[in-house]
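Text of final.csv (CSV, N, CA, C and O atoms) as supplied:
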```
chain,number,residue,atom,x,y,z
A,1,MET,N,0.8,-1.2,0.0
A,1,MET,CA,0.0,0.0,0.0
A,1,MET,C,0.9,1.2,0.0
A,1,MET,O,1.8,1.4,0.8
A,2,SER,N,0.6,2.2,-0.9
A,2,SER,CA,1.4,3.4,-1.0
A,2,SER,C,0.7,4.5,-0.3
A,2,SER,O,-0.4,4.8,-0.5
A,3,THR,N,1.5,5.2,0.5
A,3,THR,CA,1.0,6.4,1.2
A,3,THR,C,1.5,7.7,0.5
A,3,THR,O,2.7,7.8,0.2
A,4,GLU,N,0.6,8.5,0.1
A,4,GLU,CA,0.9,9.8,-0.5
A,4,GLU,C,1.7,10.7,0.4
A,4,GLU,O,1.4,10.8,1.6
A,5,ILE,N,2.8,11.2,-0.1
A,5,ILE,CA,3.6,12.2,0.7
A,5,ILE,C,3.0,13.5,0.7
A,5,ILE,O,2.6,14.0,-0.4
A,6,ARG,N,2.8,14.1,1.8
A,6,ARG,CA,2.1,15.4,1.9
A,6,ARG,C,3.2,16.5,2.1
A,6,ARG,O,3.7,16.7,3.2
A,7,TRP,N,3.6,17.2,1.1
A,7,TRP,CA,4.6,18.2,1.1
A,7,TRP,C,4.0,19.5,1.7
A,7,TRP,O,2.9,19.9,1.4
A,8,GLN,N,4.8,20.2,2.4
A,8,GLN,CA,4.5,21.5,3.0
A,8,GLN,C,5.5,22.5,2.7
A,8,GLN,O,6.7,22.2,2.8
A,9,LYS,N,5.1,23.7,2.4
A,9,LYS,CA,6.1,24.8,2.1
A,9,LYS,C,5.7,26.0,3.0
A,9,LYS,O,4.6,26.1,3.5
A,10,SER,N,6.6,26.9,3.2
A,10,SER,CA,6.4,28.1,4.0
A,10,SER,C,5.4,29.0,3.4
A,10,SER,O,5.4,29.2,2.2
A,11,SER,N,4.6,29.6,4.2
A,11,SER,CA,3.6,30.6,3.7
A,11,SER,C,4.4,31.8,3.1
A,11,SER,O,3.8,32.6,2.4
A,12,PHE,N,5.6,32.0,3.5
A,12,PHE,CA,6.4,33.1,3.0
A,12,PHE,C,6.9,32.8,1.5
A,12,PHE,O,7.5,33.7,0.9
A,13,SER,N,6.8,31.6,1.0
A,13,SER,CA,7.2,31.3,-0.3
A,13,SER,C,6.4,31.8,-1.4
A,13,SER,O,6.8,31.9,-2.5
A,14,GLY,N,5.1,32.2,-1.1
A,14,GLY,CA,4.2,32.7,-2.2
A,14,GLY,C,3.8,31.6,-3.1
A,14,GLY,O,3.8,30.4,-2.7
A,15,ASP,N,3.4,31.9,-4.3
A,15,ASP,CA,2.8,30.9,-5.2
A,15,ASP,C,3.8,30.5,-6.3
A,15,ASP,O,3.5,29.7,-7.1
A,16,GLY,N,5.0,31.0,-6.2
A,16,GLY,CA,6.0,30.7,-7.3
A,16,GLY,C,6.6,29.3,-7.1
A,16,GLY,O,6.4,28.7,-6.1
A,17,PRO,N,7.3,28.9,-8.1
A,17,PRO,CA,7.9,27.5,-8.0
A,17,PRO,C,9.2,27.4,-7.2
A,17,PRO,O,9.7,26.3,-7.0
A,18,GLN,N,9.7,28.5,-6.8
A,18,GLN,CA,11.0,28.5,-6.1
A,18,GLN,C,10.8,28.5,-4.6
A,18,GLN,O,10.9,29.5,-3.9
A,19,CYS,N,10.6,27.3,-4.1
A,19,CYS,CA,10.5,27.2,-2.6
A,19,CYS,C,11.0,25.8,-2.1
A,19,CYS,O,11.2,24.9,-2.9
A,20,VAL,N,11.3,25.8,-0.9
A,20,VAL,CA,11.7,24.5,-0.2
A,20,VAL,C,10.5,23.9,0.4
A,20,VAL,O,9.7,24.6,1.0
A,21,GLU,N,10.3,22.6,0.2
A,21,GLU,CA,9.2,21.8,0.7
A,21,GLU,C,9.7,20.8,1.7
A,21,GLU,O,10.8,20.2,1.5
A,22,VAL,N,8.9,20.5,2.7
A,22,VAL,CA,9.3,19.5,3.7
A,22,VAL,C,8.1,18.6,3.9
A,22,VAL,O,6.9,18.9,3.8
A,23,ALA,N,8.4,17.3,4.2
A,23,ALA,CA,7.4,16.3,4.5
A,23,ALA,C,8.0,15.3,5.5
A,23,ALA,O,9.2,15.3,5.8
A,24,GLU,N,7.1,14.4,6.0
A,24,GLU,CA,7.5,13.4,6.9
A,24,GLU,C,7.0,12.1,6.4
A,24,GLU,O,5.9,12.0,5.9
A,25,GLN,N,7.9,11.1,6.4
A,25,GLN,CA,7.5,9.7,6.0
A,25,GLN,C,8.3,8.7,6.7
A,25,GLN,O,9.5,8.7,6.7
A,26,GLY,N,7.6,7.8,7.4
A,26,GLY,CA,8.2,6.7,8.1
A,26,GLY,C,9.2,7.2,9.2
A,26,GLY,O,10.2,6.5,9.4
A,27,GLY,N,9.0,8.3,9.8
A,27,GLY,CA,9.9,8.8,10.8
A,27,GLY,C,11.1,9.6,10.3
A,27,GLY,O,11.9,10.2,11.0
A,28,GLU,N,11.2,9.8,9.0
A,28,GLU,CA,12.2,10.6,8.4
A,28,GLU,C,11.6,11.9,7.9
A,28,GLU,O,10.4,12.0,7.5
A,29,ILE,N,12.4,12.9,7.9
A,29,ILE,CA,12.0,14.2,7.4
A,29,ILE,C,12.6,14.3,5.9
A,29,ILE,O,13.8,14.1,5.7
A,30,LEU,N,11.8,14.6,5.0
A,30,LEU,CA,12.1,14.8,3.6
A,30,LEU,C,12.2,16.2,3.2
A,30,LEU,O,11.3,17.0,3.6
A,31,ILE,N,13.2,16.6,2.5
A,31,ILE,CA,13.3,18.0,2.1
A,31,ILE,C,13.6,18.1,0.6
A,31,ILE,O,14.4,17.3,0.1
A,32,ARG,N,12.9,19.0,-0.2
A,32,ARG,CA,13.2,19.1,-1.6
A,32,ARG,C,12.9,20.5,-2.0
A,32,ARG,O,12.3,21.3,-1.3
A,33,GLU,N,13.3,20.8,-3.2
A,33,GLU,CA,13.0,22.1,-3.9
A,33,GLU,C,11.8,21.9,-4.8
A,33,GLU,O,11.9,20.9,-5.5
A,34,SER,N,10.9,22.7,-4.8
A,34,SER,CA,9.7,22.5,-5.7
A,34,SER,C,10.0,22.4,-7.1
A,34,SER,O,9.3,21.8,-7.9
A,35,ASP,N,11.1,23.1,-7.6
A,35,ASP,CA,11.4,23.1,-9.0
A,35,ASP,C,12.3,21.9,-9.3
A,35,ASP,O,12.7,21.7,-10.5
A,36,ALA,N,12.7,21.1,-8.4
A,36,ALA,CA,13.5,19.8,-8.6
A,36,ALA,C,12.9,18.7,-7.7
A,36,ALA,O,13.6,18.3,-6.8
A,37,PRO,N,11.6,18.4,-7.9
A,37,PRO,CA,10.9,17.5,-6.9
A,37,PRO,C,11.5,16.1,-6.8
A,37,PRO,O,11.2,15.4,-5.8
A,38,ASN,N,12.3,15.6,-7.7
A,38,ASN,CA,12.9,14.3,-7.6
A,38,ASN,C,14.2,14.2,-6.8
A,38,ASN,O,14.7,13.1,-6.5
A,39,ALA,N,14.7,15.4,-6.5
A,39,ALA,CA,16.0,15.4,-5.7
A,39,ALA,C,15.6,15.7,-4.2
A,39,ALA,O,15.2,16.8,-3.8
A,40,ILE,N,15.5,14.6,-3.4
A,40,ILE,CA,15.0,14.6,-2.1
A,40,ILE,C,16.1,14.3,-1.1
A,40,ILE,O,16.8,13.3,-1.2
A,41,ALA,N,16.3,15.2,-0.1
A,41,ALA,CA,17.3,15.0,1.0
A,41,ALA,C,16.5,14.4,2.2
A,41,ALA,O,15.3,14.8,2.4
A,42,THR,N,17.1,13.6,3.0
A,42,THR,CA,16.4,13.0,4.1
A,42,THR,C,17.3,13.3,5.4
A,42,THR,O,18.5,13.4,5.3
A,43,THR,N,16.6,13.4,6.5
A,43,THR,CA,17.2,13.6,7.8
A,43,THR,C,16.3,13.0,8.9
A,43,THR,O,15.2,12.6,8.5
A,44,ASP,N,16.7,13.0,10.1
A,44,ASP,CA,15.8,12.6,11.2
A,44,ASP,C,15.2,13.8,11.9
A,44,ASP,O,15.7,14.9,11.7
A,45,ARG,N,14.3,13.5,12.8
A,45,ARG,CA,13.6,14.6,13.5
A,45,ARG,C,14.6,15.4,14.4
A,45,ARG,O,14.5,16.6,14.5
A,46,ALA,N,15.5,14.7,15.1
A,46,ALA,CA,16.4,15.4,16.0
A,46,ALA,C,17.3,16.4,15.2
A,46,ALA,O,17.5,17.5,15.6
A,47,LYS,N,17.8,15.9,14.1
A,47,LYS,CA,18.7,16.8,13.3
A,47,LYS,C,17.9,18.0,12.7
A,47,LYS,O,18.4,19.1,12.6
A,48,PHE,N,16.7,17.7,12.2
A,48,PHE,CA,15.9,18.8,11.7
A,48,PHE,C,15.5,19.8,12.7
A,48,PHE,O,15.5,21.0,12.5
A,49,ALA,N,15.2,19.3,13.9
A,49,ALA,CA,14.9,20.2,15.0
A,49,ALA,C,16.1,21.1,15.4
A,49,ALA,O,15.9,22.3,15.6
A,50,ALA,N,17.3,20.5,15.4
A,50,ALA,CA,18.5,21.3,15.7
A,50,ALA,C,18.7,22.4,14.6
A,50,ALA,O,19.0,23.6,14.9
A,51,PHE,N,18.4,22.0,13.3
A,51,PHE,CA,18.5,23.0,12.2
A,51,PHE,C,17.5,24.1,12.4
A,51,PHE,O,17.8,25.3,12.3
A,52,ILE,N,16.3,23.8,12.7
A,52,ILE,CA,15.2,24.8,12.9
A,52,ILE,C,15.6,25.7,14.0
A,52,ILE,O,15.4,27.0,13.9
A,53,LYS,N,16.1,25.2,15.1
A,53,LYS,CA,16.6,26.1,16.2
A,53,LYS,C,17.7,27.1,15.7
A,53,LYS,O,17.7,28.2,16.1
A,54,GLY,N,18.6,26.6,14.9
A,54,GLY,CA,19.6,27.5,14.3
A,54,GLY,C,19.0,28.5,13.4
A,54,GLY,O,19.4,29.7,13.5
A,55,VAL,N,18.0,28.2,12.6
A,55,VAL,CA,17.3,29.1,11.8
A,55,VAL,C,16.7,30.2,12.6
A,55,VAL,O,16.8,31.4,12.4
A,56,LYS,N,15.9,29.8,13.7
A,56,LYS,CA,15.3,30.7,14.5
A,56,LYS,C,16.3,31.6,15.3
A,56,LYS,O,15.9,32.8,15.5
A,57,ALA,N,17.5,31.1,15.5
A,57,ALA,CA,18.5,31.9,16.2
A,57,ALA,C,19.3,32.8,15.3
A,57,ALA,O,20.1,33.6,15.7
A,58,GLY,N,19.0,32.7,14.0
A,58,GLY,CA,19.6,33.6,13.0
A,58,GLY,C,21.0,33.1,12.5
A,58,GLY,O,21.7,33.8,11.8
A,59,GLU,N,21.3,31.9,12.8
A,59,GLU,CA,22.6,31.3,12.5
A,59,GLU,C,22.9,31.2,11.0
A,59,GLU,O,24.0,31.1,10.5
A,60,PHE,N,21.8,31.2,10.2
A,60,PHE,CA,21.9,31.0,8.7
A,60,PHE,C,21.5,32.2,7.9
A,60,PHE,O,21.4,32.1,6.7
A,61,ASP,N,21.3,33.3,8.6
A,61,ASP,CA,20.8,34.5,7.9
A,61,ASP,C,21.7,34.9,6.8
A,61,ASP,O,21.2,35.5,5.8
A,62,HIS,N,23.0,34.7,7.0
A,62,HIS,CA,24.0,35.2,6.0
A,62,HIS,C,23.8,34.5,4.6
A,62,HIS,O,24.2,35.0,3.6
A,63,PHE,N,23.1,33.3,4.6
A,63,PHE,CA,22.8,32.6,3.4
A,63,PHE,C,21.7,33.3,2.6
A,63,PHE,O,21.5,33.1,1.4
A,64,ALA,N,20.9,34.0,3.3
A,64,ALA,CA,19.7,34.6,2.6
A,64,ALA,C,19.9,36.1,2.2
A,64,ALA,O,19.0,36.7,1.6
A,65,LEU,N,21.1,36.6,2.5
A,65,LEU,CA,21.3,38.0,2.1
A,65,LEU,C,21.9,38.2,0.7
A,65,LEU,O,22.5,37.4,0.2
```

Represent the structure contained in this file as structure tokens.
Amino acid sequence: MSTEIRWQKSSFSGDGPQCVEVAEQGGEILIRESDAPNAIATTDRAKFAAFIKGVKAGEFDHFAL
């Protein structure tokens, strides 16, 4: 039985095709770019949570400038 992956993107991404999407499947976190949907990176919840904490703390802001 195949379960459909439910991708989620940030509300800040707008309607354009250039956004990062995240999903959960079988305990793994899946990450992809909407314009390259077949290239999927995987991680676990603990690593993803640590990354989100770093984002919230501004540790990656220099990548968005």

| field | Sel. of strand (DSSP E or B) residues, chain A, as a ChimeraX atom specification | value | /A:8-9,20-25,28-33,36-44

Convert the current residue selection to file output with N, CA, C and O atoms, as a CSV table (one decimal), keeping the file's coordinate frame.
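Written output follows (again_10.csv):
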```csv
chain,number,residue,atom,x,y,z
A,8,GLN,N,4.8,20.2,2.4
A,8,GLN,CA,4.5,21.5,3.0
A,8,GLN,C,5.5,22.5,2.7
A,8,GLN,O,6.7,22.2,2.8
A,9,LYS,N,5.1,23.7,2.4
A,9,LYS,CA,6.1,24.8,2.1
A,9,LYS,C,5.7,26.0,3.0
A,9,LYS,O,4.6,26.1,3.5
A,20,VAL,N,11.3,25.8,-0.9
A,20,VAL,CA,11.7,24.5,-0.2
A,20,VAL,C,10.5,23.9,0.4
A,20,VAL,O,9.7,24.6,1.0
A,21,GLU,N,10.3,22.6,0.2
A,21,GLU,CA,9.2,21.8,0.7
A,21,GLU,C,9.7,20.8,1.7
A,21,GLU,O,10.8,20.2,1.5
A,22,VAL,N,8.9,20.5,2.7
A,22,VAL,CA,9.3,19.5,3.7
A,22,VAL,C,8.1,18.6,3.9
A,22,VAL,O,6.9,18.9,3.8
A,23,ALA,N,8.4,17.3,4.2
A,23,ALA,CA,7.4,16.3,4.5
A,23,ALA,C,8.0,15.3,5.5
A,23,ALA,O,9.2,15.3,5.8
A,24,GLU,N,7.1,14.4,6.0
A,24,GLU,CA,7.5,13.4,6.9
A,24,GLU,C,7.0,12.1,6.4
A,24,GLU,O,5.9,12.0,5.9
A,25,GLN,N,7.9,11.1,6.4
A,25,GLN,CA,7.5,9.7,6.0
A,25,GLN,C,8.3,8.7,6.7
A,25,GLN,O,9.5,8.7,6.7
A,28,GLU,N,11.2,9.8,9.0
A,28,GLU,CA,12.2,10.6,8.4
A,28,GLU,C,11.6,11.9,7.9
A,28,GLU,O,10.4,12.0,7.5
A,29,ILE,N,12.4,12.9,7.9
A,29,ILE,CA,12.0,14.2,7.4
A,29,ILE,C,12.6,14.3,5.9
A,29,ILE,O,13.8,14.1,5.7
A,30,LEU,N,11.8,14.6,5.0
A,30,LEU,CA,12.1,14.8,3.6
A,30,LEU,C,12.2,16.2,3.2
A,30,LEU,O,11.3,17.0,3.6
A,31,ILE,N,13.2,16.6,2.5
A,31,ILE,CA,13.3,18.0,2.1
A,31,ILE,C,13.6,18.1,0.6
A,31,ILE,O,14.4,17.3,0.1
A,32,ARG,N,12.9,19.0,-0.2
A,32,ARG,CA,13.2,19.1,-1.6
A,32,ARG,C,12.9,20.5,-2.0
A,32,ARG,O,12.3,21.3,-1.3
A,33,GLU,N,13.3,20.8,-3.2
A,33,GLU,CA,13.0,22.1,-3.9
A,33,GLU,C,11.8,21.9,-4.8
A,33,GLU,O,11.9,20.9,-5.5
A,36,ALA,N,12.7,21.1,-8.4
A,36,ALA,CA,13.5,19.8,-8.6
A,36,ALA,C,12.9,18.7,-7.7
A,36,ALA,O,13.6,18.3,-6.8
A,37,PRO,N,11.6,18.4,-7.9
A,37,PRO,CA,10.9,17.5,-6.9
A,37,PRO,C,11.5,16.1,-6.8
A,37,PRO,O,11.2,15.4,-5.8
A,38,ASN,N,12.3,15.6,-7.7
A,38,ASN,CA,12.9,14.3,-7.6
A,38,ASN,C,14.2,14.2,-6.8
A,38,ASN,O,14.7,13.1,-6.5
A,39,ALA,N,14.7,15.4,-6.5
A,39,ALA,CA,16.0,15.4,-5.7
A,39,ALA,C,15.6,15.7,-4.2
A,39,ALA,O,15.2,16.8,-3.8
A,40,ILE,N,15.5,14.6,-3.4
A,40,ILE,CA,15.0,14.6,-2.1
A,40,ILE,C,16.1,14.3,-1.1
A,40,ILE,O,16.8,13.3,-1.2
A,41,ALA,N,16.3,15.2,-0.1
A,41,ALA,CA,17.3,15.0,1.0
A,41,ALA,C,16.5,14.4,2.2
A,41,ALA,O,15.3,14.8,2.4
A,42,THR,N,17.1,13.6,3.0
A,42,THR,CA,16.4,13.0,4.1
A,42,THR,C,17.3,13.3,5.4
A,42,THR,O,18.5,13.4,5.3
A,43,THR,N,16.6,13.4,6.5
A,43,THR,CA,17.2,13.6,7.8
A,43,THR,C,16.3,13.0,8.9
A,43,THR,O,15.2,12.6,8.5
A,44,ASP,N,16.7,13.0,10.1
A,44,ASP,CA,15.8,12.6,11.2
A,44,ASP,C,15.2,13.8,11.9
A,44,ASP,O,15.7,14.9,11.7
```

| request: Could you jot down the atom C of A:Ala64 to atom O of A:Ile5 separation for me, Å, one decimal place? | output: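 Atom C of A:Ala64 sits 28.2 Å away from atom O of A:Ile5.
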
| query | atom C of A:Leu30 and atom CA of A:Ser13 are how many Å apart? | reply |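 Going from atom C of A:Leu30 over to atom CA of A:Ser13, I get 16.3 Å.
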
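Residue nearest A:Ala39 within the list A:Thr3, A:Ala57, A:Asp15, A:Glu21: A:Glu21 [criterion: smallest interatomic distance, only C-alpha atoms].
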
| task | Please provide as a PyMOL selection string all residues within 8 Å of stretch 26-28 of chain A, with the sequence filter that same-chain residues fewer than 5 positions apart are discarded (counting all atoms listed in the file). | result | chain A and resi 41-46

| d(atom C of A:Phe63, atom O of A:Gln25) in Å | 27.8 Å

| query | Which one is closest to A:Val22: A:Lys9, A:Ala36, A:Glu59, A:Phe51? Count only C-alpha atoms. | reply |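 Once distances to A:Val22 are computed over only C-alpha atoms, the minimum belongs to A:Lys9.
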
| task | Quick one: pick out all helix (DSSP H, G or I) residues within chain A from a backbone DSSP run and write them as a list in words. | result |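 Everything in chain A that counts as helix (DSSP H, G or I) is Ser11, Phe12, Ser13, Arg45, Ala46, Lys47, Phe48, Ala49, Ala50, Phe51, Ile52, Lys53, Gly54, Val55, Lys56, Asp61, His62 and Phe63 of chain A.
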
Save the residues we just selected, N, CA, C and O atoms, as a short mmCIF file (atom, residue, chain, number, x, y, z; two decimals), in the coordinates of the input?
```
data_model
loop_
_atom_site.label_atom_id
_atom_site.label_comp_id
_atom_site.auth_asym_id
_atom_site.auth_seq_id
_atom_site.Cartn_x
_atom_site.Cartn_y
_atom_site.Cartn_z
N SER A 11 4.60 29.60 4.20
CA SER A 11 3.60 30.60 3.70
C SER A 11 4.40 31.80 3.10
O SER A 11 3.80 32.60 2.40
N PHE A 12 5.60 32.00 3.50
CA PHE A 12 6.40 33.10 3.00
C PHE A 12 6.90 32.80 1.50
O PHE A 12 7.50 33.70 0.90
N SER A 13 6.80 31.60 1.00
CA SER A 13 7.20 31.30 -0.30
C SER A 13 6.40 31.80 -1.40
O SER A 13 6.80 31.90 -2.50
N ARG A 45 14.30 13.50 12.80
CA ARG A 45 13.60 14.60 13.50
C ARG A 45 14.60 15.40 14.40
O ARG A 45 14.50 16.60 14.50
N ALA A 46 15.50 14.70 15.10
CA ALA A 46 16.40 15.40 16.00
C ALA A 46 17.30 16.40 15.20
O ALA A 46 17.50 17.50 15.60
N LYS A 47 17.80 15.90 14.10
CA LYS A 47 18.70 16.80 13.30
C LYS A 47 17.90 18.00 12.70
O LYS A 47 18.40 19.10 12.60
N PHE A 48 16.70 17.70 12.20
CA PHE A 48 15.90 18.80 11.70
C PHE A 48 15.50 19.80 12.70
O PHE A 48 15.50 21.00 12.50
N ALA A 49 15.20 19.30 13.90
CA ALA A 49 14.90 20.20 15.00
C ALA A 49 16.10 21.10 15.40
O ALA A 49 15.90 22.30 15.60
N ALA A 50 17.30 20.50 15.40
CA ALA A 50 18.50 21.30 15.70
C ALA A 50 18.70 22.40 14.60
O ALA A 50 19.00 23.60 14.90
N PHE A 51 18.40 22.00 13.30
CA PHE A 51 18.50 23.00 12.20
C PHE A 51 17.50 24.10 12.40
O PHE A 51 17.80 25.30 12.30
N ILE A 52 16.30 23.80 12.70
CA ILE A 52 15.20 24.80 12.90
C ILE A 52 15.60 25.70 14.00
O ILE A 52 15.40 27.00 13.90
N LYS A 53 16.10 25.20 15.10
CA LYS A 53 16.60 26.10 16.20
C LYS A 53 17.70 27.10 15.70
O LYS A 53 17.70 28.20 16.10
N GLY A 54 18.60 26.60 14.90
CA GLY A 54 19.60 27.50 14.30
C GLY A 54 19.00 28.50 13.40
O GLY A 54 19.40 29.70 13.50
N VAL A 55 18.00 28.20 12.60
CA VAL A 55 17.30 29.10 11.80
C VAL A 55 16.70 30.20 12.60
O VAL A 55 16.80 31.40 12.40
N LYS A 56 15.90 29.80 13.70
CA LYS A 56 15.30 30.70 14.50
C LYS A 56 16.30 31.60 15.30
O LYS A 56 15.90 32.80 15.50
N ASP A 61 21.30 33.30 8.60
CA ASP A 61 20.80 34.50 7.90
C ASP A 61 21.70 34.90 6.80
O ASP A 61 21.20 35.50 5.80
N HIS A 62 23.00 34.70 7.00
CA HIS A 62 24.00 35.20 6.00
C HIS A 62 23.80 34.50 4.60
O HIS A 62 24.20 35.00 3.60
N PHE A 63 23.10 33.30 4.60
CA PHE A 63 22.80 32.60 3.40
C PHE A 63 21.70 33.30 2.60
O PHE A 63 21.50 33.10 1.40
#
```

| said: From the options A:Leu65, A:Ile40, A:Ala23, A:Ala49, which residue's atoms come nearest to A:Trp7, counting only C-alpha atoms? | reply: A:Ala23

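Among A:Cys19, A:Phe60, A:Lys47, A:Gly54, the residue with the shortest atom-to-atom distance to A:Arg32, counting all atoms listed in the file, is A:Cys19.
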
| Best match for closeness to A:Ile29 among A:Val55, A:Ser10, A:Phe48, A:Glu4, counting only N, CA, C and O atoms |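 Residue with the minimum atom-to-atom distance to A:Ile29: A:Phe48.
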
File contents for stretch 16-33 of chain A with N, CA, C and O atoms as a PDB file, in the first residue's frame:
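Writing done, so here's decode.pdb:
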```pdb
ATOM      1  N   GLY A  16       5.039  31.042  -6.243  1.00  0.00           N
ATOM      2  CA  GLY A  16       6.046  30.720  -7.251  1.00  0.00           C
ATOM      3  C   GLY A  16       6.609  29.329  -7.083  1.00  0.00           C
ATOM      4  O   GLY A  16       6.413  28.670  -6.058  1.00  0.00           O
ATOM      5  N   PRO A  17       7.336  28.852  -8.087  1.00  0.00           N
ATOM      6  CA  PRO A  17       7.887  27.500  -8.040  1.00  0.00           C
ATOM      7  C   PRO A  17       9.181  27.386  -7.233  1.00  0.00           C
ATOM      8  O   PRO A  17       9.684  26.296  -7.039  1.00  0.00           O
ATOM      9  N   GLN A  18       9.718  28.496  -6.775  1.00  0.00           N
ATOM     10  CA  GLN A  18      11.011  28.470  -6.104  1.00  0.00           C
ATOM     11  C   GLN A  18      10.846  28.475  -4.589  1.00  0.00           C
ATOM     12  O   GLN A  18      10.894  29.507  -3.941  1.00  0.00           O
ATOM     13  N   CYS A  19      10.630  27.283  -4.051  1.00  0.00           N
ATOM     14  CA  CYS A  19      10.490  27.177  -2.604  1.00  0.00           C
ATOM     15  C   CYS A  19      11.015  25.823  -2.135  1.00  0.00           C
ATOM     16  O   CYS A  19      11.171  24.892  -2.920  1.00  0.00           O
ATOM     17  N   VAL A  20      11.299  25.751  -0.869  1.00  0.00           N
ATOM     18  CA  VAL A  20      11.724  24.504  -0.248  1.00  0.00           C
ATOM     19  C   VAL A  20      10.484  23.870   0.378  1.00  0.00           C
ATOM     20  O   VAL A  20       9.677  24.555   1.004  1.00  0.00           O
ATOM     21  N   GLU A  21      10.325  22.573   0.181  1.00  0.00           N
ATOM     22  CA  GLU A  21       9.184  21.847   0.722  1.00  0.00           C
ATOM     23  C   GLU A  21       9.684  20.776   1.685  1.00  0.00           C
ATOM     24  O   GLU A  21      10.767  20.221   1.500  1.00  0.00           O
ATOM     25  N   VAL A  22       8.888  20.488   2.707  1.00  0.00           N
ATOM     26  CA  VAL A  22       9.254  19.521   3.735  1.00  0.00           C
ATOM     27  C   VAL A  22       8.088  18.551   3.921  1.00  0.00           C
ATOM     28  O   VAL A  22       6.924  18.939   3.819  1.00  0.00           O
ATOM     29  N   ALA A  23       8.417  17.290   4.193  1.00  0.00           N
ATOM     30  CA  ALA A  23       7.392  16.279   4.468  1.00  0.00           C
ATOM     31  C   ALA A  23       7.957  15.294   5.480  1.00  0.00           C
ATOM     32  O   ALA A  23       9.156  15.285   5.763  1.00  0.00           O
ATOM     33  N   GLU A  24       7.084  14.450   6.015  1.00  0.00           N
ATOM     34  CA  GLU A  24       7.491  13.394   6.943  1.00  0.00           C
ATOM     35  C   GLU A  24       6.992  12.075   6.385  1.00  0.00           C
ATOM     36  O   GLU A  24       5.879  11.978   5.879  1.00  0.00           O
ATOM     37  N   GLN A  25       7.871  11.075   6.419  1.00  0.00           N
ATOM     38  CA  GLN A  25       7.470   9.747   5.963  1.00  0.00           C
ATOM     39  C   GLN A  25       8.266   8.703   6.740  1.00  0.00           C
ATOM     40  O   GLN A  25       9.497   8.713   6.722  1.00  0.00           O
ATOM     41  N   GLY A  26       7.564   7.832   7.417  1.00  0.00           N
ATOM     42  CA  GLY A  26       8.215   6.743   8.132  1.00  0.00           C
ATOM     43  C   GLY A  26       9.229   7.185   9.160  1.00  0.00           C
ATOM     44  O   GLY A  26      10.242   6.531   9.351  1.00  0.00           O
ATOM     45  N   GLY A  27       8.991   8.315   9.809  1.00  0.00           N
ATOM     46  CA  GLY A  27       9.913   8.810  10.826  1.00  0.00           C
ATOM     47  C   GLY A  27      11.067   9.634  10.280  1.00  0.00           C
ATOM     48  O   GLY A  27      11.871  10.151  11.044  1.00  0.00           O
ATOM     49  N   GLU A  28      11.170   9.756   8.973  1.00  0.00           N
ATOM     50  CA  GLU A  28      12.209  10.593   8.363  1.00  0.00           C
ATOM     51  C   GLU A  28      11.611  11.915   7.907  1.00  0.00           C
ATOM     52  O   GLU A  28      10.440  11.988   7.546  1.00  0.00           O
ATOM     53  N   ILE A  29      12.426  12.942   7.901  1.00  0.00           N
ATOM     54  CA  ILE A  29      12.045  14.237   7.366  1.00  0.00           C
ATOM     55  C   ILE A  29      12.612  14.317   5.950  1.00  0.00           C
ATOM     56  O   ILE A  29      13.802  14.063   5.730  1.00  0.00           O
ATOM     57  N   LEU A  30      11.759  14.639   4.992  1.00  0.00           N
ATOM     58  CA  LEU A  30      12.148  14.768   3.589  1.00  0.00           C
ATOM     59  C   LEU A  30      12.173  16.247   3.226  1.00  0.00           C
ATOM     60  O   LEU A  30      11.289  17.002   3.633  1.00  0.00           O
ATOM     61  N   ILE A  31      13.177  16.649   2.459  1.00  0.00           N
ATOM     62  CA  ILE A  31      13.335  18.044   2.055  1.00  0.00           C
ATOM     63  C   ILE A  31      13.617  18.073   0.560  1.00  0.00           C
ATOM     64  O   ILE A  31      14.440  17.296   0.062  1.00  0.00           O
ATOM     65  N   ARG A  32      12.920  18.955  -0.160  1.00  0.00           N
ATOM     66  CA  ARG A  32      13.153  19.088  -1.601  1.00  0.00           C
ATOM     67  C   ARG A  32      12.880  20.519  -2.040  1.00  0.00           C
ATOM     68  O   ARG A  32      12.261  21.304  -1.324  1.00  0.00           O
ATOM     69  N   GLU A  33      13.335  20.849  -3.229  1.00  0.00           N
ATOM     70  CA  GLU A  33      13.002  22.123  -3.862  1.00  0.00           C
ATOM     71  C   GLU A  33      11.847  21.856  -4.814  1.00  0.00           C
ATOM     72  O   GLU A  33      11.854  20.858  -5.541  1.00  0.00           O
TER      73      GLU A  33
END
```
